[in-house]
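Asker: As input, take start.cif (mmCIF, C-alpha atoms):
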```cif
data_my_file
#
loop_
_atom_site.label_atom_id
_atom_site.label_comp_id
_atom_site.auth_asym_id
_atom_site.auth_seq_id
_atom_site.Cartn_x
_atom_site.Cartn_y
_atom_site.Cartn_z
CA MET Y 1 63.19 42.27 -12.30
CA LYS Y 2 60.73 42.28 -15.24
CA HIS Y 3 58.58 39.18 -15.48
CA VAL Y 4 58.45 37.62 -18.96
CA PRO Y 5 54.97 36.21 -19.72
CA LYS Y 6 55.02 32.40 -20.03
CA LYS Y 7 53.16 30.92 -22.97
CA ARG Y 8 52.50 27.59 -21.23
CA PHE Y 9 50.46 29.41 -18.55
CA GLY Y 10 48.60 31.49 -21.15
CA GLN Y 11 49.81 34.69 -19.46
CA HIS Y 12 48.40 38.02 -20.67
CA PHE Y 13 48.73 40.72 -18.02
CA LEU Y 14 46.10 43.40 -17.61
CA SER Y 15 47.66 46.84 -17.98
CA ASP Y 16 44.90 49.37 -18.80
CA PRO Y 17 44.10 51.51 -15.70
CA ALA Y 18 40.61 52.44 -16.97
CA ILE Y 19 39.66 48.77 -17.49
CA ILE Y 20 41.14 47.79 -14.10
CA ASP Y 21 39.05 50.54 -12.49
CA GLY Y 22 35.94 49.32 -14.34
CA ILE Y 23 36.46 45.76 -13.12
CA VAL Y 24 37.02 46.85 -9.51
CA ARG Y 25 33.82 48.93 -9.66
CA ALA Y 26 31.90 45.93 -11.05
CA ILE Y 27 33.20 43.72 -8.21
CA ALA Y 28 32.56 46.45 -5.58
CA PRO Y 29 34.79 44.94 -2.84
CA GLN Y 30 33.96 45.88 0.76
CA ALA Y 31 36.44 45.93 3.66
CA GLY Y 32 36.78 42.56 5.40
CA GLU Y 33 35.02 40.46 2.74
CA PRO Y 34 36.60 37.00 2.21
CA MET Y 35 37.78 37.05 -1.40
CA VAL Y 36 39.92 34.73 -3.53
CA GLU Y 37 41.63 35.89 -6.71
CA ILE Y 38 42.61 33.29 -9.31
CA GLY Y 39 45.73 34.09 -11.33
CA PRO Y 40 46.78 37.45 -9.84
CA GLY Y 41 49.80 37.66 -12.17
CA LEU Y 42 51.54 41.02 -11.75
CA ALA Y 43 48.89 42.20 -9.25
CA ALA Y 44 47.25 44.79 -11.53
CA LEU Y 45 43.83 43.88 -10.12
CA THR Y 46 45.18 42.48 -6.84
CA GLN Y 47 46.49 45.80 -5.56
CA PRO Y 48 43.27 47.86 -5.89
CA LEU Y 49 41.29 44.92 -4.48
CA VAL Y 50 43.48 44.42 -1.41
CA GLU Y 51 43.49 48.20 -0.74
CA ARG Y 52 39.71 48.02 -0.36
CA LEU Y 53 39.49 44.61 1.34
CA GLY Y 54 42.43 44.74 3.76
CA ARG Y 55 43.32 41.09 3.06
CA LEU Y 56 43.11 38.88 -0.01
CA THR Y 57 43.80 35.21 -0.79
CA VAL Y 58 45.36 34.55 -4.20
CA VAL Y 59 45.87 31.34 -6.19
CA GLU Y 60 48.97 31.44 -8.42
CA LEU Y 61 50.58 28.54 -10.31
CA ASP Y 62 53.68 30.38 -11.57
CA ARG Y 63 56.42 29.86 -8.96
CA ASP Y 64 58.22 33.13 -9.78
CA LEU Y 65 55.03 35.17 -9.46
CA ALA Y 66 53.98 33.34 -6.27
CA GLN Y 67 57.34 34.21 -4.72
CA ARG Y 68 56.90 37.87 -5.66
CA LEU Y 69 53.33 37.93 -4.28
CA ARG Y 70 54.46 36.47 -0.93
CA GLN Y 71 56.38 39.67 -0.28
CA HIS Y 72 53.04 41.50 0.00
CA ALA Y 73 52.03 41.49 3.70
CA GLN Y 74 48.26 41.60 3.01
CA LEU Y 75 48.19 38.61 0.65
CA GLN Y 76 47.80 34.95 1.49
CA VAL Y 77 49.30 33.00 -1.42
CA ILE Y 78 48.14 29.53 -2.44
CA GLU Y 79 50.78 28.29 -4.90
CA SER Y 80 48.82 25.68 -6.84
CA ASP Y 81 46.99 24.70 -9.98
CA VAL Y 82 43.50 26.15 -9.36
CA LEU Y 83 41.94 22.85 -10.53
CA LYS Y 84 43.44 21.22 -7.42
CA VAL Y 85 42.21 23.85 -4.96
CA ASP Y 86 39.43 22.82 -2.55
CA PHE Y 87 37.44 26.05 -2.18
CA ALA Y 88 35.40 24.60 0.68
CA GLN Y 89 38.65 24.19 2.64
CA VAL Y 90 39.72 27.72 1.71
CA ALA Y 91 36.41 29.08 3.03
CA GLN Y 92 36.84 27.06 6.23
CA ALA Y 93 40.41 28.32 6.72
CA LEU Y 94 39.18 31.91 6.33
CA GLY Y 95 36.29 31.28 8.74
CA ALA Y 96 33.85 32.24 5.98
CA THR Y 97 30.50 30.72 5.06
CA LYS Y 98 30.73 32.23 1.55
CA LEU Y 99 33.64 33.37 -0.62
CA ARG Y 100 33.73 35.97 -3.36
CA VAL Y 101 35.87 34.67 -6.25
CA VAL Y 102 37.46 36.86 -8.93
CA GLY Y 103 40.13 36.52 -11.57
CA ASN Y 104 41.55 36.91 -15.05
CA LEU Y 105 41.26 33.24 -16.02
CA PRO Y 106 43.82 31.63 -18.35
CA TYR Y 107 41.86 31.26 -21.59
CA ASN Y 108 43.25 27.81 -22.38
CA ILE Y 109 41.63 26.26 -19.27
CA SER Y 110 38.78 28.65 -18.48
CA THR Y 111 36.00 26.08 -19.03
CA PRO Y 112 37.58 23.40 -16.77
CA ILE Y 113 37.98 26.10 -14.06
CA LEU Y 114 34.28 27.06 -14.33
CA PHE Y 115 33.26 23.39 -13.99
CA HIS Y 116 35.67 22.90 -11.08
CA LEU Y 117 34.10 25.86 -9.23
CA LEU Y 118 30.63 24.45 -9.88
CA LYS Y 119 31.48 21.76 -7.29
CA TYR Y 120 31.95 24.47 -4.63
CA VAL Y 121 29.02 26.72 -5.54
CA ASP Y 122 27.51 26.26 -2.05
CA VAL Y 123 30.41 28.21 -0.49
CA ILE Y 124 30.47 30.95 -3.16
CA ALA Y 125 28.65 34.29 -2.86
CA ASP Y 126 29.53 35.49 -6.37
CA GLN Y 127 32.15 35.26 -9.10
CA HIS Y 128 33.60 37.91 -11.43
CA PHE Y 129 35.84 36.61 -14.19
CA MET Y 130 37.61 38.00 -17.18
CA LEU Y 131 37.38 35.50 -20.01
CA GLN Y 132 37.50 35.28 -23.76
CA LYS Y 133 34.41 37.17 -24.96
CA GLU Y 134 33.19 34.26 -27.07
CA VAL Y 135 33.18 32.00 -23.97
CA ILE Y 136 31.07 34.55 -22.08
CA ASP Y 137 28.74 34.82 -25.10
CA ARG Y 138 28.18 31.05 -24.78
CA MET Y 139 27.74 31.25 -20.99
CA VAL Y 140 24.96 33.86 -21.14
CA ALA Y 141 23.36 32.74 -24.43
CA ALA Y 142 19.57 32.40 -24.75
CA PRO Y 143 17.93 29.33 -26.31
CA ALA Y 144 17.52 29.25 -30.11
CA THR Y 145 20.77 31.16 -30.69
CA ALA Y 146 24.02 29.89 -32.22
CA ASP Y 147 25.94 30.44 -28.95
CA TYR Y 148 23.52 28.41 -26.81
CA GLY Y 149 24.96 25.03 -25.86
CA ARG Y 150 26.28 22.73 -23.15
CA LEU Y 151 28.09 25.54 -21.29
CA SER Y 152 24.95 27.74 -21.30
CA VAL Y 153 22.77 25.00 -19.80
CA MET Y 154 25.25 23.73 -17.20
CA LEU Y 155 26.03 27.21 -15.86
CA GLN Y 156 22.59 28.85 -16.18
CA TRP Y 157 21.12 25.99 -14.12
CA ARG Y 158 23.26 27.17 -11.19
CA TYR Y 159 23.98 30.89 -11.76
CA ALA Y 160 22.36 34.12 -12.85
CA MET Y 161 24.96 35.61 -15.22
CA GLU Y 162 25.59 38.84 -17.04
CA ASN Y 163 28.30 40.22 -19.28
CA VAL Y 164 29.33 43.40 -17.43
CA LEU Y 165 32.33 44.79 -19.34
CA PHE Y 166 34.01 44.52 -22.74
CA VAL Y 167 37.84 44.35 -22.67
CA PRO Y 168 39.79 44.94 -25.92
CA PRO Y 169 43.11 43.12 -26.66
CA GLU Y 170 45.18 46.30 -26.19
CA SER Y 171 44.26 46.32 -22.48
CA PHE Y 172 46.82 43.51 -21.99
CA ASP Y 173 50.54 42.99 -22.22
CA PRO Y 174 51.12 41.05 -24.43
CA PRO Y 175 47.79 41.59 -26.24
CA PRO Y 176 45.85 38.34 -26.85
CA ARG Y 177 44.45 37.68 -30.34
CA VAL Y 178 40.88 37.71 -29.03
CA ASP Y 179 38.42 40.10 -27.42
CA SER Y 180 37.76 39.62 -23.71
CA ALA Y 181 34.93 40.46 -21.36
CA VAL Y 182 34.01 40.32 -17.68
CA VAL Y 183 31.14 38.14 -16.47
CA ARG Y 184 29.28 38.34 -13.16
CA MET Y 185 28.00 34.99 -11.83
CA VAL Y 186 25.64 34.90 -8.86
CA PRO Y 187 24.50 31.45 -7.64
CA HIS Y 188 20.73 30.88 -7.68
CA GLU Y 189 19.41 30.59 -4.14
CA GLU Y 190 17.14 27.63 -4.89
CA PRO Y 191 18.36 25.72 -7.95
CA VAL Y 192 16.59 22.58 -9.17
CA ALA Y 193 17.94 19.66 -7.12
CA LEU Y 194 19.48 17.11 -9.47
CA ASP Y 195 22.43 14.79 -10.11
CA VAL Y 196 25.10 17.00 -11.74
CA ALA Y 197 26.80 14.09 -13.55
CA LEU Y 198 23.43 13.05 -14.99
CA LEU Y 199 22.65 16.58 -16.23
CA GLU Y 200 26.12 16.78 -17.75
CA GLU Y 201 25.66 13.48 -19.61
CA LEU Y 202 22.14 14.42 -20.75
CA VAL Y 203 23.27 17.81 -22.10
CA GLN Y 204 26.34 16.31 -23.77
CA VAL Y 205 24.17 13.74 -25.58
CA ALA Y 206 21.63 16.42 -26.58
CA PHE Y 207 24.24 18.74 -28.11
CA SER Y 208 26.40 15.96 -29.64
CA GLN Y 209 24.73 16.53 -33.03
CA ARG Y 210 23.36 20.07 -32.95
CA ARG Y 211 21.84 20.01 -36.43
CA LYS Y 212 19.80 16.85 -35.90
CA LEU Y 213 16.47 16.57 -34.12
CA LEU Y 214 16.75 15.31 -30.55
CA ARG Y 215 14.98 12.03 -31.38
CA HIS Y 216 18.25 10.86 -33.00
CA THR Y 217 20.35 11.59 -29.89
CA LEU Y 218 18.57 12.36 -26.63
CA GLY Y 219 15.48 10.39 -27.70
CA ARG Y 220 17.50 7.18 -28.01
CA TRP Y 221 19.36 7.91 -24.77
CA LEU Y 222 16.04 8.37 -22.91
CA GLU Y 223 14.63 5.21 -24.51
CA ALA Y 224 17.64 3.21 -23.30
CA ARG Y 225 16.94 4.49 -19.78
CA GLY Y 226 13.31 3.42 -19.94
CA PHE Y 227 12.03 7.02 -19.70
CA ALA Y 228 8.23 7.00 -19.71
CA GLY Y 229 7.55 10.74 -19.23
CA ASN Y 230 6.78 13.48 -21.74
CA PHE Y 231 9.60 15.30 -23.52
CA ASP Y 232 9.34 16.72 -27.03
CA VAL Y 233 12.24 15.25 -29.03
CA GLN Y 234 11.02 16.75 -32.33
CA ARG Y 235 13.24 19.79 -31.63
CA ARG Y 236 16.92 20.58 -31.91
CA ALA Y 237 19.01 20.77 -28.72
CA GLU Y 238 19.37 24.56 -28.94
CA GLU Y 239 15.57 25.04 -28.93
CA VAL Y 240 15.13 23.55 -25.46
CA PRO Y 241 15.26 26.05 -22.53
CA VAL Y 242 17.47 25.41 -19.49
CA GLN Y 243 14.42 24.80 -17.28
CA GLU Y 244 13.32 21.88 -19.46
CA TYR Y 245 16.73 20.22 -19.36
CA THR Y 246 16.94 20.56 -15.58
CA ALA Y 247 13.37 19.33 -15.09
CA LEU Y 248 14.14 16.30 -17.28
CA ALA Y 249 17.34 15.53 -15.33
CA ALA Y 250 15.45 15.89 -12.03
CA SER Y 251 12.70 13.50 -13.22
CA LEU Y 252 15.31 10.87 -14.12
#
```
Kindly transcribe the structure held in the file into structure tokens.
Answerer:
Amino acid sequence: MKHVPKKRFGQHFLSDPAIIDGIVRAIAPQAGEPMVEIGPGLAALTQPLVERLGRLTVVELDRDLAQRLRQHAQLQVIESDVLKVDFAQVAQALGATKLRVVGNLPYNISTPILFHLLKYVDVIADQHFMLQKEVIDRMVAAPATADYGRLSVMLQWRYAMENVLFVPPESFDPPPRVDSAVVRMVPHEEPVALDVALLEELVQVAFSQRRKLLRHTLGRWLEARGFAGNFDVQRRAEEVPVQEYTALAASL
């Protein structure tokens, strides 16, 4: 029976064989690797992955699709909202120290998913995600560019990232109204040790008024915390490199 895409789940199913092949090549799955796919949908990417891996764990929220996926002998199906999945437990259940995570993320909740996975970065070897292109542009943005912001800082602190593939709307059924792309995210081996909640608050304050100099936002926030160190607040938030934000958070 044909599955009708559900708007509430933001379903757009990948259907272009050349793009699917490009994504699989970018992921380069090897037999036996512990991998988790988020949002397998109609298994367009799932099938070529599982053929190379032998086994694959998938996370699917849609009950109808989860039921269909369970009929595949090589798939382990976790029927759940991905934001409720404990990836450390998944790794443990698979007897793996590190997981590879892939997926075509629902565009309406892609940022919350990225932040959720940030909590489990210690058990993740790498991530390959298809996302809205403008989200990936923000993820990989360099300082002093319009796309550089909170997402850039929070993710670049923890991952080396690159945009590996452009995906046009016509590669999907139904086609979304936006361009998509595939990002590769590899956790840094030795990130700056800091309090994540503190970095998040610091970055949020800094970018709360992008056009103003930091003395109006972050400067006051640092003053209230009794910060006595050196940090140039005569700049805008987008002019400060990731390393300076993380160093500041670590010093606090």
Asker: If the PyMOL selection byres ((chain Y and resi 16) around 9) were run on this exact file, what residues would it hold? Put them as a list in words.
Answerer: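 Applied to this file, the PyMOL selection byres ((chain Y and resi 16) around 9) returns Leu14, Ser15, Pro17, Ala18, Ile19, Ile20, Asp21, Ala44, Glu170, Ser171 and Phe172 of chain Y.
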Asker: Pick out the closest residue to Pro112 in chain Y from this set: Y:Leu65, Y:Val82, Y:Phe166, Y:Gln30. Count all atoms listed in the file.
Answerer: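 Of the candidates, the smallest distance to Pro112 in chain Y is held by Y:Val82.
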Asker: Skipping near chain neighbours, those fewer than 4 positions away, what residues fall within 7 Å of range 38-42 of chain Y using only C-alpha atoms, listed as number ranges by chain?
Answerer: Y: 13, 46, 58-60, 65, 102-105
Asker: Which distance in Å separates CA of Glu37 in chain Y and CA of His128 in chain Y, to one decimal?
Answerer: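 A separation of 9.5 Å between them.
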Asker: Run through the PyMOL selection byres ((chain Y and resi 140) around 7) on the given coordinates and return the selected residues as a list in words.
Answerer: Ile136, Asp137, Arg138, Met139, Ala141, Ala142, Ser152, Met161 and Glu162 of chain Y
Asker: Which polymer residues have any atom within 7 Å of an atom of Leu83 in chain Y, counting only C-alpha atoms, with same-chain residues fewer than 2 positions away left out, as an MDAnalysis selection string?
Answerer: chainID Y and resid 81 85 113 116
Asker: Report, in Å to a single decimal, how far apart CA of Arg235 in chain Y and CA of Val153 in chain Y are.
Answerer: 16.1 Å
Asker: At what distance in Å, to one decimal, does CA of Val186 in chain Y lie from CA of Gln127 in chain Y?
Answerer: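 It comes out at 6.5 Å.
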Asker: Return the single residue from Y:Glu223, Y:Glu33, Y:Glu134, Y:Asp126 that is closest to Asp147 in chain Y, with distances computed using all atoms listed in the file.
Answerer: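 Closest to Asp147 in chain Y of all the choices is Y:Glu134.
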Asker: On this structure, which residues satisfy the PyMOL selection byres ((chain Y and resi 236) around 6), written as a PyMOL selection string?
Answerer: chain Y and resi 213-214+235+237-239
Asker: I need every residue sitting at most 8 Å from the point (35.8, 40.4, -14.5) (coordinates as in the file, only C-alpha atoms considered), written as a ChimeraX atom specification.
Answerer: /Y:23,26-27,102-104,128-131,164-165,181-184
Asker: Could you dump the residues just selected with C-alpha atoms as a PDB file, keeping the file's coordinate frame?
Answerer:
```pdb
ATOM      1  CA  ILE Y  23      36.460  45.760 -13.120  1.00  0.00           C
ATOM      2  CA  ALA Y  26      31.900  45.930 -11.050  1.00  0.00           C
ATOM      3  CA  ILE Y  27      33.200  43.720  -8.210  1.00  0.00           C
ATOM      4  CA  VAL Y 102      37.460  36.860  -8.930  1.00  0.00           C
ATOM      5  CA  GLY Y 103      40.130  36.520 -11.570  1.00  0.00           C
ATOM      6  CA  ASN Y 104      41.550  36.910 -15.050  1.00  0.00           C
ATOM      7  CA  HIS Y 128      33.600  37.910 -11.430  1.00  0.00           C
ATOM      8  CA  PHE Y 129      35.840  36.610 -14.190  1.00  0.00           C
ATOM      9  CA  MET Y 130      37.610  38.000 -17.180  1.00  0.00           C
ATOM     10  CA  LEU Y 131      37.380  35.500 -20.010  1.00  0.00           C
ATOM     11  CA  VAL Y 164      29.330  43.400 -17.430  1.00  0.00           C
ATOM     12  CA  LEU Y 165      32.330  44.790 -19.340  1.00  0.00           C
ATOM     13  CA  ALA Y 181      34.930  40.460 -21.360  1.00  0.00           C
ATOM     14  CA  VAL Y 182      34.010  40.320 -17.680  1.00  0.00           C
ATOM     15  CA  VAL Y 183      31.140  38.140 -16.470  1.00  0.00           C
ATOM     16  CA  ARG Y 184      29.280  38.340 -13.160  1.00  0.00           C
TER      17      ARG Y 184
END
```
Asker: Would you please work out which residue, of Y:Arg220, Y:Arg225, Y:Arg25, Y:Lys119, is nearest to Ala197 in chain Y when using all atoms listed in the file?
Answerer: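 Of Y:Arg220, Y:Arg225, Y:Arg25, Y:Lys119, the one nearest Ala197 in chain Y is Y:Lys119, counting all atoms listed in the file.
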Asker: Which neighbours of Trp221 in chain Y fall inside 12 Å, counting only C-alpha atoms, when residues of the same chain fewer than 5 positions from it are skipped, and could you give them as a ChimeraX atom specification?
Answerer: /Y:198,201-206,208,214-216,226-227,233,252
Asker: Here is a test: counting only C-alpha atoms, which residue of Y:Ala249, Y:Leu118, Y:Val24, Y:Leu61 is nearest to Ala88 in chain Y?
Answerer: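 Distance minimum relative to Ala88 in chain Y lands on Y:Leu118.
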Asker: Around range 201-218 of chain Y, with edges along x, y and z and 6 Å added on all six sides, what centre and edge lengths do you get, in Å to one decimal, as JSON?
Answerer:
```
{"center_x": 20.7, "center_y": 15.5, "center_z": -28.0, "size_x": 23.4, "size_y": 21.2, "size_z": 28.8}
```
Asker: Please rebuild range 203-237 of chain Y with N, CA and C atoms and return the result as a tab-separated table (two decimals), in the coordinates of the input.
Answerer:
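Here's the written file out-v3.tsv:
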```tsv
chain	number	residue	atom	x	y	z
Y	203	VAL	N	23.01	16.63	-21.26
Y	203	VAL	CA	23.27	17.81	-22.10
Y	203	VAL	C	24.31	17.49	-23.18
Y	204	GLN	N	25.30	16.70	-22.81
Y	204	GLN	CA	26.34	16.31	-23.77
Y	204	GLN	C	25.73	15.49	-24.92
Y	205	VAL	N	24.85	14.56	-24.57
Y	205	VAL	CA	24.17	13.74	-25.58
Y	205	VAL	C	23.31	14.64	-26.47
Y	206	ALA	N	22.55	15.54	-25.83
Y	206	ALA	CA	21.63	16.42	-26.58
Y	206	ALA	C	22.37	17.27	-27.61
Y	207	PHE	N	23.52	17.83	-27.21
Y	207	PHE	CA	24.24	18.74	-28.11
Y	207	PHE	C	25.31	18.04	-28.95
Y	208	SER	N	25.36	16.69	-28.90
Y	208	SER	CA	26.40	15.96	-29.64
Y	208	SER	C	26.23	16.11	-31.15
Y	209	GLN	N	24.98	16.29	-31.60
Y	209	GLN	CA	24.73	16.53	-33.03
Y	209	GLN	C	23.72	17.66	-33.14
Y	210	ARG	N	24.21	18.87	-33.03
Y	210	ARG	CA	23.36	20.07	-32.95
Y	210	ARG	C	22.33	20.18	-34.06
Y	211	ARG	N	22.71	19.77	-35.27
Y	211	ARG	CA	21.84	20.01	-36.43
Y	211	ARG	C	20.68	19.01	-36.53
Y	212	LYS	N	20.84	17.88	-35.83
Y	212	LYS	CA	19.80	16.85	-35.90
Y	212	LYS	C	18.72	17.07	-34.86
Y	213	LEU	N	17.55	16.52	-35.11
Y	213	LEU	CA	16.47	16.57	-34.12
Y	213	LEU	C	16.87	15.68	-32.94
Y	214	LEU	N	16.37	16.03	-31.77
Y	214	LEU	CA	16.75	15.31	-30.55
Y	214	LEU	C	16.35	13.83	-30.54
Y	215	ARG	N	15.39	13.45	-31.39
Y	215	ARG	CA	14.98	12.03	-31.38
Y	215	ARG	C	16.15	11.13	-31.79
Y	216	HIS	N	17.10	11.66	-32.57
Y	216	HIS	CA	18.25	10.86	-33.00
Y	216	HIS	C	19.30	10.69	-31.89
Y	217	THR	N	19.30	11.62	-30.94
Y	217	THR	CA	20.35	11.59	-29.89
Y	217	THR	C	19.74	11.37	-28.51
Y	218	LEU	N	19.15	12.42	-27.98
Y	218	LEU	CA	18.57	12.36	-26.63
Y	218	LEU	C	17.40	11.38	-26.57
Y	219	GLY	N	16.63	11.30	-27.65
Y	219	GLY	CA	15.48	10.39	-27.70
Y	219	GLY	C	15.92	8.95	-27.46
Y	220	ARG	N	16.98	8.56	-28.15
Y	220	ARG	CA	17.50	7.18	-28.01
Y	220	ARG	C	18.08	6.96	-26.61
Y	221	TRP	N	18.74	7.98	-26.11
Y	221	TRP	CA	19.36	7.91	-24.77
Y	221	TRP	C	18.26	7.73	-23.71
Y	222	LEU	N	17.16	8.46	-23.86
Y	222	LEU	CA	16.04	8.37	-22.91
Y	222	LEU	C	15.35	7.00	-23.02
Y	223	GLU	N	15.23	6.53	-24.26
Y	223	GLU	CA	14.63	5.21	-24.51
Y	223	GLU	C	15.42	4.12	-23.79
Y	224	ALA	N	16.76	4.20	-23.92
Y	224	ALA	CA	17.64	3.21	-23.30
Y	224	ALA	C	17.51	3.23	-21.78
Y	225	ARG	N	17.10	4.37	-21.24
Y	225	ARG	CA	16.94	4.49	-19.78
Y	225	ARG	C	15.52	4.14	-19.33
Y	226	GLY	N	14.69	3.79	-20.29
Y	226	GLY	CA	13.31	3.42	-19.94
Y	226	GLY	C	12.47	4.62	-19.52
Y	227	PHE	N	12.78	5.81	-20.07
Y	227	PHE	CA	12.03	7.02	-19.70
Y	227	PHE	C	10.60	6.94	-20.22
Y	228	ALA	N	9.63	7.13	-19.32
Y	228	ALA	CA	8.23	7.00	-19.71
Y	228	ALA	C	7.48	8.34	-19.67
Y	229	GLY	N	8.19	9.42	-19.36
Y	229	GLY	CA	7.55	10.74	-19.23
Y	229	GLY	C	7.40	11.44	-20.56
Y	230	ASN	N	6.96	12.69	-20.52
Y	230	ASN	CA	6.78	13.48	-21.74
Y	230	ASN	C	7.96	14.42	-21.96
Y	231	PHE	N	8.55	14.35	-23.14
Y	231	PHE	CA	9.60	15.30	-23.52
Y	231	PHE	C	9.62	15.35	-25.04
Y	232	ASP	N	9.43	16.55	-25.58
Y	232	ASP	CA	9.34	16.72	-27.03
Y	232	ASP	C	10.73	16.58	-27.68
Y	233	VAL	N	10.94	15.47	-28.38
Y	233	VAL	CA	12.24	15.25	-29.03
Y	233	VAL	C	12.21	15.64	-30.51
Y	234	GLN	N	11.10	16.27	-30.94
Y	234	GLN	CA	11.02	16.75	-32.33
Y	234	GLN	C	11.56	18.19	-32.42
Y	235	ARG	N	12.59	18.46	-31.64
Y	235	ARG	CA	13.24	19.79	-31.63
Y	235	ARG	C	14.75	19.57	-31.71
Y	236	ARG	N	15.46	20.65	-31.99
Y	236	ARG	CA	16.92	20.58	-31.91
Y	236	ARG	C	17.33	20.96	-30.48
Y	237	ALA	N	18.52	20.54	-30.10
Y	237	ALA	CA	19.01	20.77	-28.72
Y	237	ALA	C	18.96	22.24	-28.34
```
